[in-house]
Amino acid sequence: SGGFRYTSDIRIGFSGSVGRTPLIQLKCFSKETGCNILGKAEFMNPGGSVKDRAALFLIKDAEEQGLLKPGGTVIEGTAGNTGIGLAHICNSLGYKCIIYMPNTQSHEKIETLQTLGADVRPVPAVPFDNPENYNHQARRCAESMENAVWTNQFDNRANRRAHFETTGPEIWEQTDGTVDAVVFATGTGGTLAGVGSFLKTKREDVQVILADPQGSVLFNWFTHGKLERSDGSSFTEGIGQGRVTNNLKGAPVDQAILVKDSDAVTATFQLLHEEGIFVGLSSGLNVAGAVQVAKILGPGKTIVTALCDIGQRSYNRIFSETFMREKGLYDSIPKAYRRSLH
């Protein structure tokens, strides 16, 4: 009407704004390794993280299957970014949102989700094999309600599909098919499995590499076929895993590497002070992983990783001097960059 036409530059609503993020050349890490190290700017999604992609596809999948009708309720067990993505999308599409999370999570996370309109239900933190685990409580809640769906981010393959259909093709196009390796830490497994599976359809020799924090089982699973935790523990949030999720099963992983928290911390502060990019610790772990892979593969390679979420969400953890001293990681922050601490 009125002769006005949408151009391809106008995105329709929050959902239409998810994805198509820039791929940023990380100069200091590229120079250090002689490789082309590129970060997919997932913190530029409208909800501030890579999880907007999974959240959108989990809801789309429920709609396509007829499980979610107008005015329905979306329920998920999540400690962070997936819940934030779901809450935004529920607001934009007229759904209610209920989030179950372990009561060990920070007040900021709970308050953020409440501000976004979610009904947040903190429950005791117990292992996955305990029926009171937050994921199982979310499932039972959905089963007890009409027109409600448990999105099940860990095992619902719609998460993986998000990255097979969007993130993978974007990386292929943005690198003109020159990508040699992708390196991702994984929580649900969606990004690694989806991107990896897509890129392997384009070129079988693209290396798909899992970067695992200390204390997770995935490094040992992919390296030795054993579900045993690696030594140490990590305070990264949303990555590392005690089991192989349905999203990760069958993923075309060529190699797994272990990344120490100390290296992830150093990279996070380098990203801020040398690249001007303010992101959380999982992004630092990914970049530290990409640097390790660059040193294995040798110079001249194009290596892509993800810059997962905005740094503001880590403000009271990695950017807190007290917290970093408690964790014994204060010395991993380059001296000149400690002025960022509060």
# chains A, B, ... in the order shown; residues from 1 in each chain; ligands from 1
>>> residues_around(residues="Ala264 of chain A", least_positions_apart="5", cutoff="7 Å", atoms="only C-alpha atoms", output="number ranges by chain")
A: 281, 284-285, 288
>>> select_by_dssp(residues="segment 4-149 of chain A", states="strand (DSSP E or B)", output="PyMOL selection string")
chain A and resi 23-25+36-41+49+73-77+96-102+119-123+148-149
>>> closest_atom_pairs(of="segment 288-320 of chain A", to="segment 104-120 of chain A", cutoff="10 Å", atoms="only C-alpha atoms", output="Markdown table")
| residue | atom | partner | partner_atom | distance |
| --- | --- | --- | --- | --- |
| A:Arg313 | CA | A:Lys109 | CA | 7.9 |
| A:Ser314 | CA | A:Glu108 | CA | 9.6 |
| A:Tyr315 | CA | A:Glu108 | CA | 9.6 |
| A:Asn316 | CA | A:Glu108 | CA | 8.8 |
| A:Arg317 | CA | A:Ser106 | CA | 9.4 |
>>> residues_around(residues="Thr188 of chain A", least_positions_apart="3", cutoff="7 Å", atoms="only C-alpha atoms", output="list in words")
Gln153, Phe154, Thr245 and Asn247 of chain A
>>> write_last_selection(atoms="N, CA and C atoms", output="compact mmCIF listing (two decimals), in the first residue's frame")
# COMPACT_ATOMS: atom_id res chain seq x y z
N GLN A 153 16.53 -27.69 24.88
CA GLN A 153 17.66 -27.21 24.05
C GLN A 153 18.81 -28.20 23.91
N PHE A 154 19.03 -29.05 24.92
CA PHE A 154 20.18 -29.96 24.87
C PHE A 154 19.97 -31.11 23.89
N THR A 245 25.14 -34.95 24.47
CA THR A 245 23.75 -34.58 24.20
C THR A 245 23.31 -35.13 22.84
N ASN A 247 22.12 -33.36 20.51
CA ASN A 247 22.60 -32.42 19.49
C ASN A 247 24.03 -32.72 19.08
>>> residues_around(residues="Glu165 of chain A", least_positions_apart="4", cutoff="10 Å", atoms="only C-alpha atoms", output="PyMOL selection string")
chain A and resi 57+160-161+169-170+194-195+198
>>> write_last_selection(atoms="N, CA, C and O atoms", output="PDB file, in the first residue's frame")
ATOM      1  N   PHE A  57      14.893 -21.220  16.525  1.00  0.00           N
ATOM      2  CA  PHE A  57      14.579 -22.476  15.846  1.00  0.00           C
ATOM      3  C   PHE A  57      13.823 -23.452  16.747  1.00  0.00           C
ATOM      4  O   PHE A  57      12.998 -24.229  16.259  1.00  0.00           O
ATOM      5  N   ARG A 160      20.477 -27.771  16.662  1.00  0.00           N
ATOM      6  CA  ARG A 160      21.516 -28.083  15.673  1.00  0.00           C
ATOM      7  C   ARG A 160      21.130 -27.554  14.284  1.00  0.00           C
ATOM      8  O   ARG A 160      21.956 -27.027  13.549  1.00  0.00           O
ATOM      9  N   ARG A 161      19.835 -27.707  13.958  1.00  0.00           N
ATOM     10  CA  ARG A 161      19.327 -27.268  12.650  1.00  0.00           C
ATOM     11  C   ARG A 161      19.525 -25.758  12.452  1.00  0.00           C
ATOM     12  O   ARG A 161      19.817 -25.291  11.351  1.00  0.00           O
ATOM     13  N   PRO A 169      26.115 -21.884   6.738  1.00  0.00           N
ATOM     14  CA  PRO A 169      26.113 -21.207   5.434  1.00  0.00           C
ATOM     15  C   PRO A 169      26.693 -19.790   5.480  1.00  0.00           C
ATOM     16  O   PRO A 169      27.386 -19.378   4.541  1.00  0.00           O
ATOM     17  N   GLU A 170      26.431 -19.057   6.571  1.00  0.00           N
ATOM     18  CA  GLU A 170      26.993 -17.698   6.682  1.00  0.00           C
ATOM     19  C   GLU A 170      28.517 -17.753   6.683  1.00  0.00           C
ATOM     20  O   GLU A 170      29.181 -16.962   5.998  1.00  0.00           O
ATOM     21  N   GLY A 194      25.998 -28.401  14.159  1.00  0.00           N
ATOM     22  CA  GLY A 194      25.295 -27.824  13.007  1.00  0.00           C
ATOM     23  C   GLY A 194      26.239 -27.212  11.995  1.00  0.00           C
ATOM     24  O   GLY A 194      26.173 -27.499  10.792  1.00  0.00           O
ATOM     25  N   VAL A 195      27.163 -26.370  12.471  1.00  0.00           N
ATOM     26  CA  VAL A 195      28.131 -25.727  11.581  1.00  0.00           C
ATOM     27  C   VAL A 195      29.026 -26.789  10.948  1.00  0.00           C
ATOM     28  O   VAL A 195      29.270 -26.803   9.735  1.00  0.00           O
ATOM     29  N   PHE A 198      27.254 -28.863   8.270  1.00  0.00           N
ATOM     30  CA  PHE A 198      27.033 -28.108   7.034  1.00  0.00           C
ATOM     31  C   PHE A 198      28.337 -27.965   6.245  1.00  0.00           C
ATOM     32  O   PHE A 198      28.377 -28.214   5.033  1.00  0.00           O
TER      33      PHE A 198
END
>>> atom_distance(atom1="atom CA of Asn135 of chain A", atom2="atom CA of Asn156 of chain A")
12.4 Å
>>> closest_atom_pairs(of="segment 187-297 of chain A", to="segment 9-26 of chain A", cutoff="10 Å", atoms="only C-alpha atoms", output="tab-separated table")
residue	atom	partner	partner_atom	distance
A:Leu271	CA	A:Leu26	CA	8.2
A:Glu274	CA	A:Leu26	CA	9.2
A:Glu275	CA	A:Leu26	CA	6.8
A:Ile277	CA	A:Leu26	CA	9.7
A:Val287	CA	A:Leu26	CA	9.2
>>> write_last_selection(atoms="N, CA and C atoms", output="short mmCIF file (atom, residue, chain, number, x, y, z; two decimals), in the first residue's frame")
data_model
loop_
_atom_site.label_atom_id
_atom_site.label_comp_id
_atom_site.auth_asym_id
_atom_site.auth_seq_id
_atom_site.Cartn_x
_atom_site.Cartn_y
_atom_site.Cartn_z
N LEU A 271 41.02 -9.55 23.81
CA LEU A 271 39.92 -9.16 22.91
C LEU A 271 39.43 -7.75 23.25
N GLU A 274 42.87 -5.14 22.95
CA GLU A 274 43.60 -5.07 21.69
C GLU A 274 42.68 -5.05 20.48
N GLU A 275 41.47 -5.62 20.63
CA GLU A 275 40.52 -5.63 19.52
C GLU A 275 39.33 -4.71 19.77
N ILE A 277 36.78 -5.53 21.66
CA ILE A 277 35.57 -6.38 21.66
C ILE A 277 35.32 -6.89 23.07
N VAL A 287 38.57 -18.35 21.37
CA VAL A 287 39.70 -17.71 20.67
C VAL A 287 41.01 -18.36 21.08
#
>>> residues_around(residues="Arg203 of chain A", least_positions_apart="6", cutoff="12 Å", atoms="only C-alpha atoms", output="list in words")
Trp172, Gly177, Thr178, Val179, Asp180, Ala181, Gly196 and Ser197 of chain A
>>> write_last_selection(atoms="N, CA, C and O atoms", output="mmCIF file, in the first residue's frame")
data_model
loop_
_atom_site.group_PDB
_atom_site.id
_atom_site.type_symbol
_atom_site.label_atom_id
_atom_site.label_comp_id
_atom_site.auth_asym_id
_atom_site.auth_seq_id
_atom_site.Cartn_x
_atom_site.Cartn_y
_atom_site.Cartn_z
ATOM 1 N N TRP A 172 30.474 -20.098 5.491
ATOM 2 C CA TRP A 172 30.940 -20.536 4.164
ATOM 3 C C TRP A 172 30.954 -19.358 3.184
ATOM 4 O O TRP A 172 31.935 -19.106 2.494
ATOM 5 N N GLY A 177 34.287 -19.753 1.003
ATOM 6 C CA GLY A 177 34.640 -21.170 0.956
ATOM 7 C C GLY A 177 36.088 -21.473 1.293
ATOM 8 O O GLY A 177 36.553 -22.585 1.079
ATOM 9 N N THR A 178 36.793 -20.476 1.867
ATOM 10 C CA THR A 178 38.223 -20.706 2.170
ATOM 11 C C THR A 178 38.461 -21.186 3.604
ATOM 12 O O THR A 178 39.607 -21.372 3.997
ATOM 13 N N VAL A 179 37.402 -21.368 4.382
ATOM 14 C CA VAL A 179 37.574 -21.776 5.782
ATOM 15 C C VAL A 179 38.296 -23.130 5.850
ATOM 16 O O VAL A 179 37.929 -24.069 5.149
ATOM 17 N N ASP A 180 39.351 -23.206 6.673
ATOM 18 C CA ASP A 180 40.105 -24.454 6.854
ATOM 19 C C ASP A 180 39.680 -25.201 8.108
ATOM 20 O O ASP A 180 39.770 -26.422 8.176
ATOM 21 N N ALA A 181 39.256 -24.451 9.139
ATOM 22 C CA ALA A 181 38.878 -25.091 10.401
ATOM 23 C C ALA A 181 37.889 -24.212 11.153
ATOM 24 O O ALA A 181 37.944 -22.981 11.063
ATOM 25 N N GLY A 196 29.521 -27.717 11.780
ATOM 26 C CA GLY A 196 30.421 -28.767 11.290
ATOM 27 C C GLY A 196 29.767 -29.615 10.213
ATOM 28 O O GLY A 196 30.359 -29.868 9.154
ATOM 29 N N SER A 197 28.529 -30.048 10.471
ATOM 30 C CA SER A 197 27.821 -30.891 9.501
ATOM 31 C C SER A 197 27.615 -30.145 8.188
ATOM 32 O O SER A 197 27.798 -30.714 7.104
#
>>> select_by_dssp(residues="segment 41-99 of chain A", states="helix (DSSP H, G or I)", output="ChimeraX atom specification")
/A:42-44,51-64,81-93
>>> write_last_selection(atoms="N, CA, C and O atoms", output="CSV table (one decimal), in the first residue's frame")
chain,number,residue,atom,x,y,z
A,42,GLU,N,28.7,-13.3,17.3
A,42,GLU,CA,27.4,-13.7,17.8
A,42,GLU,C,26.8,-12.8,18.9
A,42,GLU,O,25.6,-12.8,19.2
A,43,PHE,N,27.7,-12.0,19.5
A,43,PHE,CA,27.2,-11.1,20.6
A,43,PHE,C,26.4,-10.0,19.9
A,43,PHE,O,25.7,-9.2,20.6
A,44,MET,N,26.4,-9.9,18.6
A,44,MET,CA,25.7,-8.8,17.9
A,44,MET,C,24.3,-9.3,17.5
A,44,MET,O,23.5,-8.5,16.9
A,51,LYS,N,22.9,-17.8,21.4
A,51,LYS,CA,21.7,-18.6,21.7
A,51,LYS,C,20.4,-18.1,21.1
A,51,LYS,O,19.4,-18.8,21.1
A,52,ASP,N,20.4,-16.9,20.6
A,52,ASP,CA,19.2,-16.4,19.9
A,52,ASP,C,18.8,-17.3,18.8
A,52,ASP,O,17.7,-17.5,18.4
A,53,ARG,N,19.9,-17.8,18.1
A,53,ARG,CA,19.6,-18.7,16.9
A,53,ARG,C,18.9,-20.0,17.4
A,53,ARG,O,17.9,-20.4,16.7
A,54,ALA,N,19.4,-20.6,18.4
A,54,ALA,CA,18.8,-21.8,18.9
A,54,ALA,C,17.4,-21.5,19.4
A,54,ALA,O,16.4,-22.3,19.1
A,55,ALA,N,17.2,-20.5,20.2
A,55,ALA,CA,15.9,-20.1,20.7
A,55,ALA,C,14.9,-19.9,19.6
A,55,ALA,O,13.8,-20.5,19.7
A,56,LEU,N,15.3,-19.3,18.5
A,56,LEU,CA,14.3,-19.0,17.4
A,56,LEU,C,13.9,-20.3,16.8
A,56,LEU,O,12.7,-20.6,16.5
A,57,PHE,N,14.9,-21.2,16.5
A,57,PHE,CA,14.6,-22.5,15.8
A,57,PHE,C,13.8,-23.5,16.7
A,57,PHE,O,13.0,-24.2,16.3
A,58,LEU,N,14.1,-23.4,18.1
A,58,LEU,CA,13.3,-24.3,19.0
A,58,LEU,C,11.8,-23.9,19.0
A,58,LEU,O,11.0,-24.7,19.0
A,59,ILE,N,11.6,-22.6,18.9
A,59,ILE,CA,10.2,-22.1,18.9
A,59,ILE,C,9.6,-22.4,17.5
A,59,ILE,O,8.4,-22.9,17.4
A,60,LYS,N,10.3,-22.1,16.4
A,60,LYS,CA,9.8,-22.4,15.1
A,60,LYS,C,9.4,-23.8,14.9
A,60,LYS,O,8.4,-24.2,14.3
A,61,ASP,N,10.3,-24.7,15.5
A,61,ASP,CA,10.1,-26.2,15.4
A,61,ASP,C,8.8,-26.5,16.1
A,61,ASP,O,8.0,-27.3,15.6
A,62,ALA,N,8.6,-26.0,17.3
A,62,ALA,CA,7.3,-26.3,18.0
A,62,ALA,C,6.1,-25.8,17.3
A,62,ALA,O,5.1,-26.5,17.2
A,63,GLU,N,6.2,-24.6,16.6
A,63,GLU,CA,5.1,-24.1,15.8
A,63,GLU,C,4.8,-25.0,14.6
A,63,GLU,O,3.7,-25.3,14.3
A,64,GLU,N,5.9,-25.4,13.9
A,64,GLU,CA,5.7,-26.2,12.7
A,64,GLU,C,5.1,-27.6,13.0
A,64,GLU,O,4.3,-28.1,12.2
A,81,ASN,N,21.9,-17.7,28.6
A,81,ASN,CA,21.6,-17.1,27.3
A,81,ASN,C,20.4,-17.6,26.5
A,81,ASN,O,19.7,-16.9,25.9
A,82,THR,N,20.2,-19.0,26.6
A,82,THR,CA,19.1,-19.5,25.9
A,82,THR,C,17.8,-19.0,26.4
A,82,THR,O,16.9,-18.6,25.7
A,83,GLY,N,17.7,-18.8,27.7
A,83,GLY,CA,16.5,-18.3,28.4
A,83,GLY,C,16.3,-16.8,28.0
A,83,GLY,O,15.2,-16.4,27.7
A,84,ILE,N,17.4,-16.1,27.9
A,84,ILE,CA,17.3,-14.7,27.4
A,84,ILE,C,16.7,-14.6,26.0
A,84,ILE,O,15.8,-13.8,25.7
A,85,GLY,N,17.3,-15.4,25.1
A,85,GLY,CA,16.8,-15.5,23.7
A,85,GLY,C,15.3,-15.9,23.7
A,85,GLY,O,14.5,-15.2,23.0
A,86,LEU,N,15.0,-16.9,24.4
A,86,LEU,CA,13.6,-17.4,24.4
A,86,LEU,C,12.6,-16.3,24.9
A,86,LEU,O,11.5,-16.1,24.4
A,87,ALA,N,13.0,-15.6,26.0
A,87,ALA,CA,12.2,-14.6,26.6
A,87,ALA,C,11.9,-13.4,25.6
A,87,ALA,O,10.8,-13.0,25.4
A,88,HIS,N,13.0,-13.0,24.9
A,88,HIS,CA,12.8,-12.0,23.9
A,88,HIS,C,11.8,-12.4,22.8
A,88,HIS,O,10.9,-11.7,22.4
A,89,ILE,N,12.1,-13.6,22.3
A,89,ILE,CA,11.2,-14.1,21.2
A,89,ILE,C,9.8,-14.3,21.6
A,89,ILE,O,8.9,-14.0,20.9
A,90,CYS,N,9.6,-14.9,22.8
A,90,CYS,CA,8.2,-15.0,23.4
A,90,CYS,C,7.5,-13.7,23.4
A,90,CYS,O,6.3,-13.6,23.0
A,91,ASN,N,8.2,-12.6,23.9
A,91,ASN,CA,7.6,-11.3,23.9
A,91,ASN,C,7.2,-10.9,22.5
A,91,ASN,O,6.1,-10.4,22.3
A,92,SER,N,8.1,-11.1,21.5
A,92,SER,CA,7.8,-10.6,20.2
A,92,SER,C,6.7,-11.4,19.5
A,92,SER,O,6.1,-10.9,18.6
A,93,LEU,N,6.5,-12.7,19.9
A,93,LEU,CA,5.5,-13.5,19.2
A,93,LEU,C,4.3,-13.8,20.1
A,93,LEU,O,3.4,-14.5,19.6
>>> closest_residue(among="A:Pro252, A:Gly232, A:Gly289, A:Gly47", to="Asp212 of chain A", atoms="only C-alpha atoms")
A:Gly289
>>> closest_residue(among="A:Pro70, A:Ala256, A:Asn246, A:Asn159", to="Gln292 of chain A", atoms="only C-alpha atoms")
A:Ala256
>>> residues_around(residues="segment 318-321 of chain A", least_positions_apart="3", cutoff="12 Å", atoms="only C-alpha atoms", output="ChimeraX atom specification")
/A:235-237,261-262,264-269,272,278-282,284,311-315,324-333,337-342
>>> closest_residue(among="A:Asn45, A:Asn286, A:Thr73, A:Gln137", to="Pro102 of chain A", atoms="only C-alpha atoms")
A:Gln137
>>> residues_around(residues="Ser216 of chain A", least_positions_apart="2", cutoff="6 Å", atoms="only C-alpha atoms", output="list in words")
Gln214, Leu218, Arg229, Ser230, Gly240, Gln241 and Gly242 of chain A
>>> atom_distance(atom1="atom CA of Leu227 of chain A", atom2="atom CA of Leu248 of chain A")
13.7 Å
>>> atom_distance(atom1="atom CA of Ser283 of chain A", atom2="atom CA of Cys308 of chain A")
5.4 Å
>>> closest_residue(among="A:Cys141, A:Val244, A:Val253, A:Ile37", to="Ile303 of chain A", atoms="only C-alpha atoms")
A:Ile37
>>> closest_residue(among="A:Asp155, A:Glu132, A:Asp176, A:Asp205", to="Tyr100 of chain A", atoms="only C-alpha atoms")
A:Glu132
